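Accompanying notes for the structure given below.
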Amino acid sequence: MSDRIVILDFGSQYTQLIGRRIRDMHVYCELLPWHAKKEEALDDQIKGVILSGGPQSIYADNAPYIQDYLLESGLPILGICYGMQALTHKLGGKVFHSNEHEYGLTELDVPAANPLLPQGKQVVWMSHGDNVRELPPGFSRLATSPHSPIAAMMDEQNKLFGLQFHPEVRHTQHGEEILRNFVLKICNCEPDWTSHSIIEESIASIRAQVGNGRVLSALSGGVDSAVTTSLLQTAIGDRVTAVFINTGLMRQGEPEQIEAVFRPLLGDHLIMVDASERYFAKLAGVTDPEEKRKIIGESFIREFEAALAGLEEHEFLAQGTIYPDVIESKGIGVSEAHRIKSHHNVGGLPEDLKFKLVEPLRNLFKDEVRAIGEALGLPPELVWRQPFPGPGLAVRVLGEVTPERIEIVRHANAIFNEELEKADLIHMHTDEKGRISGSSQAFAVLLPVKSVGVMGDQRTYSETIALRAITSIDFMTADWARLPYDLLARVSNRIVNEVPGVNRVVYDISSKPPATIEWE
């Protein structure tokens, strides 16, 4: 098994970024809550611990703290922002509240060579009010900033380090180098978390969990479920049966594409079910987003059960849950944040369901899933498909879900993606200067808003389509895509002219956070 880093989350908005930076080094890391028990956080593969930032003061009531077992482990520890303050407090130093807060870009001065930071003046990203004023015994000062007399510290003998700034944020000039120094040099991690090793570990895990059992794989049409199914087929062969439920909420041409790709791979072990009428009947009159998700999630499970009638018994159900699904649903309690949304792939199965759950991608980010999909030999057009929500177009139709409204958003979505394909902007690109173009995810949303328009010299009162396109690497954070105006104009013109019932198109320029990628 690969070397690992554990990140203990004290509630920072940047915690997931730490994980992404480390995974980019081909080192596996796992995010756990700050209060994780020793048996959860430490094992023989753990080579170091990172303490994240957090919003609280170390002296606040019920403030998160460092548990004794971490210091007793002898592992290298890096405290970031609140993590540095918690380390200082735990080891006998002093943290003070300052009236001179530091937020945003700040100049850091590193006067001497050291194992962690590059020497010299550099720009870093700060976000704190409290700061360290007295070092714990055995520590030395590594850096200063205008309002932090101790902006970085270390106990080199015990491999304990603290940074008041955030190296995981790309605004920090040498952030990647700093994290690499800690992970690869101080913790001596081997960078062997590659597509090949992920596949090997996943196959071994599937075989250990499933044994001689049979698995039902939930094919949704997206890359996550496709890679899950391919991994299962590689691990246990014809003991996996894949079921694709046509909910009526899919993208244009999706059921046909799924059958074309997976029938040659699975043969008779691919079951196609058209359940669209049943879904629309259950969703009739429902407008609440969470209720939609619950209905669709429950229906998925029940349709799978029905599809198995007459087949050999399957003990396991596989789903394409990935790490962002788990984090956003607070499935592992990574932070104390409120749950962002529920997800039909997260949170376990209904109590009356007979299946045991298999989730081989549960600890992977989207880009890692794509990489192993390519390594498994899946078609590029499937591996690089843009993400699609489990509940399908139902969460892109705000308000009641009807066949007519779904068809409107499906048609508009197809036009948008077709034009992005023609312009080579359907995927995100980064040039040699770091400039981003294209999109990581793009889609249409039908709003529950009608507006007045004029078409053919006649007054109309018709539907509104919102276009959403974002750029992202890990889908934990996202920025709105700066698409060319002429492209947006062309898409708008086509939608208004080709999609019956639409007379207005708007473009969403919200980032995540504060918005989410999907509208529901």
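Chain lettering (A, B, ...) mirrors the order of the structure tokens, residue numbering begins at 1 for each chain separately, and ligand numbering begins at 1 in order of display.
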**Study point:** Shell around range 297-306 of chain A at 7 Å using only C-alpha atoms, local window under 3 positions removed, as a PyMOL selection string
**Key:** chain A and resi 243+293-294+309+344
Review point. Hey, what's within 10 Å of Pro289 in chain A if we count only C-alpha atoms and toss same-chain stuff fewer than 2 positions away? As an MDAnalysis selection string, please?
Key: chainID A and resid 286:287 291:294 341:342 394:400 519:520
Just all heavy atoms for this one: save the residues we selected as a short mmCIF file (atom, residue, chain, number, x, y, z; two decimals), in the first residue's frame.
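The file below, out-v1.cif, is the result:
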data_model
loop_
_atom_site.label_atom_id
_atom_site.label_comp_id
_atom_site.auth_asym_id
_atom_site.auth_seq_id
_atom_site.Cartn_x
_atom_site.Cartn_y
_atom_site.Cartn_z
N VAL A 286 -43.78 17.85 -7.52
CA VAL A 286 -42.68 18.05 -6.56
C VAL A 286 -41.79 19.20 -7.04
O VAL A 286 -41.33 19.20 -8.18
CB VAL A 286 -41.83 16.77 -6.40
CG1 VAL A 286 -40.65 17.02 -5.45
CG2 VAL A 286 -42.70 15.62 -5.89
N THR A 287 -41.53 20.17 -6.17
CA THR A 287 -40.68 21.31 -6.53
C THR A 287 -39.47 21.45 -5.62
O THR A 287 -38.49 22.10 -5.99
CB THR A 287 -41.48 22.63 -6.48
OG1 THR A 287 -42.00 22.82 -5.16
CG2 THR A 287 -42.63 22.59 -7.49
N GLU A 291 -36.38 17.01 -1.95
CA GLU A 291 -37.40 15.99 -2.16
C GLU A 291 -37.21 15.31 -3.51
O GLU A 291 -37.37 14.09 -3.63
CB GLU A 291 -38.79 16.62 -2.06
CG GLU A 291 -39.93 15.61 -2.11
CD GLU A 291 -39.95 14.66 -0.93
OE1 GLU A 291 -39.34 14.98 0.11
OE2 GLU A 291 -40.56 13.58 -1.06
N LYS A 292 -36.86 16.09 -4.54
CA LYS A 292 -36.56 15.50 -5.84
C LYS A 292 -35.44 14.45 -5.72
O LYS A 292 -35.55 13.34 -6.22
CB LYS A 292 -36.11 16.57 -6.84
CG LYS A 292 -37.16 17.51 -7.34
CD LYS A 292 -36.52 18.47 -8.34
CE LYS A 292 -37.42 19.60 -8.73
NZ LYS A 292 -36.75 20.56 -9.65
N ARG A 293 -34.36 14.86 -5.06
CA ARG A 293 -33.21 13.96 -4.92
C ARG A 293 -33.59 12.69 -4.17
O ARG A 293 -33.14 11.59 -4.53
CB ARG A 293 -32.06 14.68 -4.21
CG ARG A 293 -31.39 15.75 -5.07
CD ARG A 293 -30.30 16.47 -4.29
NE ARG A 293 -29.61 17.45 -5.15
CZ ARG A 293 -28.55 17.17 -5.90
NH1 ARG A 293 -28.06 15.95 -5.89
NH2 ARG A 293 -27.99 18.10 -6.65
N LYS A 294 -34.37 12.83 -3.12
CA LYS A 294 -34.77 11.65 -2.34
C LYS A 294 -35.63 10.70 -3.16
O LYS A 294 -35.45 9.48 -3.13
CB LYS A 294 -35.50 12.09 -1.07
CG LYS A 294 -34.60 12.77 -0.05
CD LYS A 294 -35.38 13.30 1.14
CE LYS A 294 -34.48 14.02 2.13
NZ LYS A 294 -35.25 14.61 3.25
N LYS A 341 -25.48 19.59 0.25
CA LYS A 341 -26.60 18.95 -0.43
C LYS A 341 -26.58 17.47 -0.11
O LYS A 341 -25.57 16.92 0.30
CB LYS A 341 -26.50 19.14 -1.95
CG LYS A 341 -25.27 18.46 -2.58
CD LYS A 341 -25.16 18.76 -4.05
CE LYS A 341 -23.92 18.09 -4.65
NZ LYS A 341 -23.73 18.42 -6.06
N SER A 342 -27.72 16.84 -0.27
CA SER A 342 -27.75 15.39 -0.17
C SER A 342 -27.39 14.82 -1.53
O SER A 342 -27.44 15.50 -2.55
CB SER A 342 -29.13 14.90 0.26
OG SER A 342 -30.08 15.21 -0.73
N ALA A 394 -33.38 16.52 -13.65
CA ALA A 394 -34.39 16.94 -12.67
C ALA A 394 -33.89 18.10 -11.81
O ALA A 394 -34.68 18.94 -11.38
CB ALA A 394 -34.77 15.77 -11.76
N VAL A 395 -32.56 18.15 -11.56
CA VAL A 395 -32.03 19.25 -10.75
C VAL A 395 -31.55 20.40 -11.63
O VAL A 395 -30.97 21.36 -11.14
CB VAL A 395 -30.90 18.77 -9.82
CG1 VAL A 395 -31.45 17.81 -8.77
CG2 VAL A 395 -29.76 18.11 -10.60
N ARG A 396 -31.83 20.30 -12.92
CA ARG A 396 -31.58 21.41 -13.83
C ARG A 396 -32.90 21.98 -14.36
O ARG A 396 -32.90 22.85 -15.22
CB ARG A 396 -30.67 20.98 -14.98
CG ARG A 396 -29.26 20.67 -14.47
CD ARG A 396 -28.34 20.19 -15.56
NE ARG A 396 -27.02 19.89 -15.02
CZ ARG A 396 -26.03 19.31 -15.70
NH1 ARG A 396 -26.23 18.97 -16.97
NH2 ARG A 396 -24.87 19.07 -15.15
N VAL A 397 -33.99 21.45 -13.86
CA VAL A 397 -35.31 22.02 -14.07
C VAL A 397 -35.78 22.52 -12.72
O VAL A 397 -36.17 21.74 -11.85
CB VAL A 397 -36.30 20.98 -14.64
CG1 VAL A 397 -37.73 21.51 -14.59
CG2 VAL A 397 -35.92 20.62 -16.07
N LEU A 398 -35.69 23.81 -12.50
CA LEU A 398 -36.11 24.37 -11.21
C LEU A 398 -37.62 24.44 -11.19
O LEU A 398 -38.24 24.95 -12.13
CB LEU A 398 -35.49 25.75 -11.01
CG LEU A 398 -34.05 25.78 -10.45
CD1 LEU A 398 -33.08 25.07 -11.37
CD2 LEU A 398 -33.59 27.22 -10.21
N GLY A 399 -38.21 23.92 -10.12
CA GLY A 399 -39.65 23.82 -10.07
C GLY A 399 -40.08 22.42 -10.43
O GLY A 399 -39.33 21.45 -10.30
N GLU A 400 -41.32 22.28 -10.89
CA GLU A 400 -41.87 20.95 -11.17
C GLU A 400 -41.20 20.31 -12.37
O GLU A 400 -40.89 20.97 -13.37
CB GLU A 400 -43.38 21.04 -11.42
CG GLU A 400 -44.03 19.68 -11.60
CD GLU A 400 -45.52 19.75 -11.83
OE1 GLU A 400 -46.05 20.88 -11.99
OE2 GLU A 400 -46.17 18.69 -11.85
N TRP A 519 -27.53 24.18 -9.83
CA TRP A 519 -28.47 25.14 -9.25
C TRP A 519 -29.30 24.52 -8.15
O TRP A 519 -29.85 25.22 -7.31
CB TRP A 519 -29.37 25.71 -10.36
CG TRP A 519 -28.73 26.84 -11.11
CD1 TRP A 519 -27.51 26.83 -11.72
CD2 TRP A 519 -29.28 28.14 -11.33
NE1 TRP A 519 -27.26 28.04 -12.32
CE2 TRP A 519 -28.35 28.86 -12.10
CE3 TRP A 519 -30.47 28.77 -10.98
CZ2 TRP A 519 -28.56 30.18 -12.49
CZ3 TRP A 519 -30.69 30.08 -11.39
CH2 TRP A 519 -29.74 30.77 -12.14
N GLU A 520 -29.46 23.21 -8.17
CA GLU A 520 -30.20 22.52 -7.11
C GLU A 520 -29.36 21.36 -6.58
O GLU A 520 -28.61 20.75 -7.32
CB GLU A 520 -31.53 21.97 -7.63
CG GLU A 520 -32.58 23.02 -7.85
CD GLU A 520 -33.97 22.43 -8.11
OE1 GLU A 520 -34.06 21.22 -8.38
OE2 GLU A 520 -34.94 23.18 -8.06
#
Study note, to complete from the structure: Leu163 in chain A proximity check over A:Thr88, A:Thr229, A:Ser202, A:Ser217, using only C-alpha atoms: winner is A:Thr88
Review point. Suppose you want the space between CA of Val452 in chain A and CA of Ile465 in chain A; what is it in Å?
Key: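 Between these atoms lies a distance of 13.6 Å.
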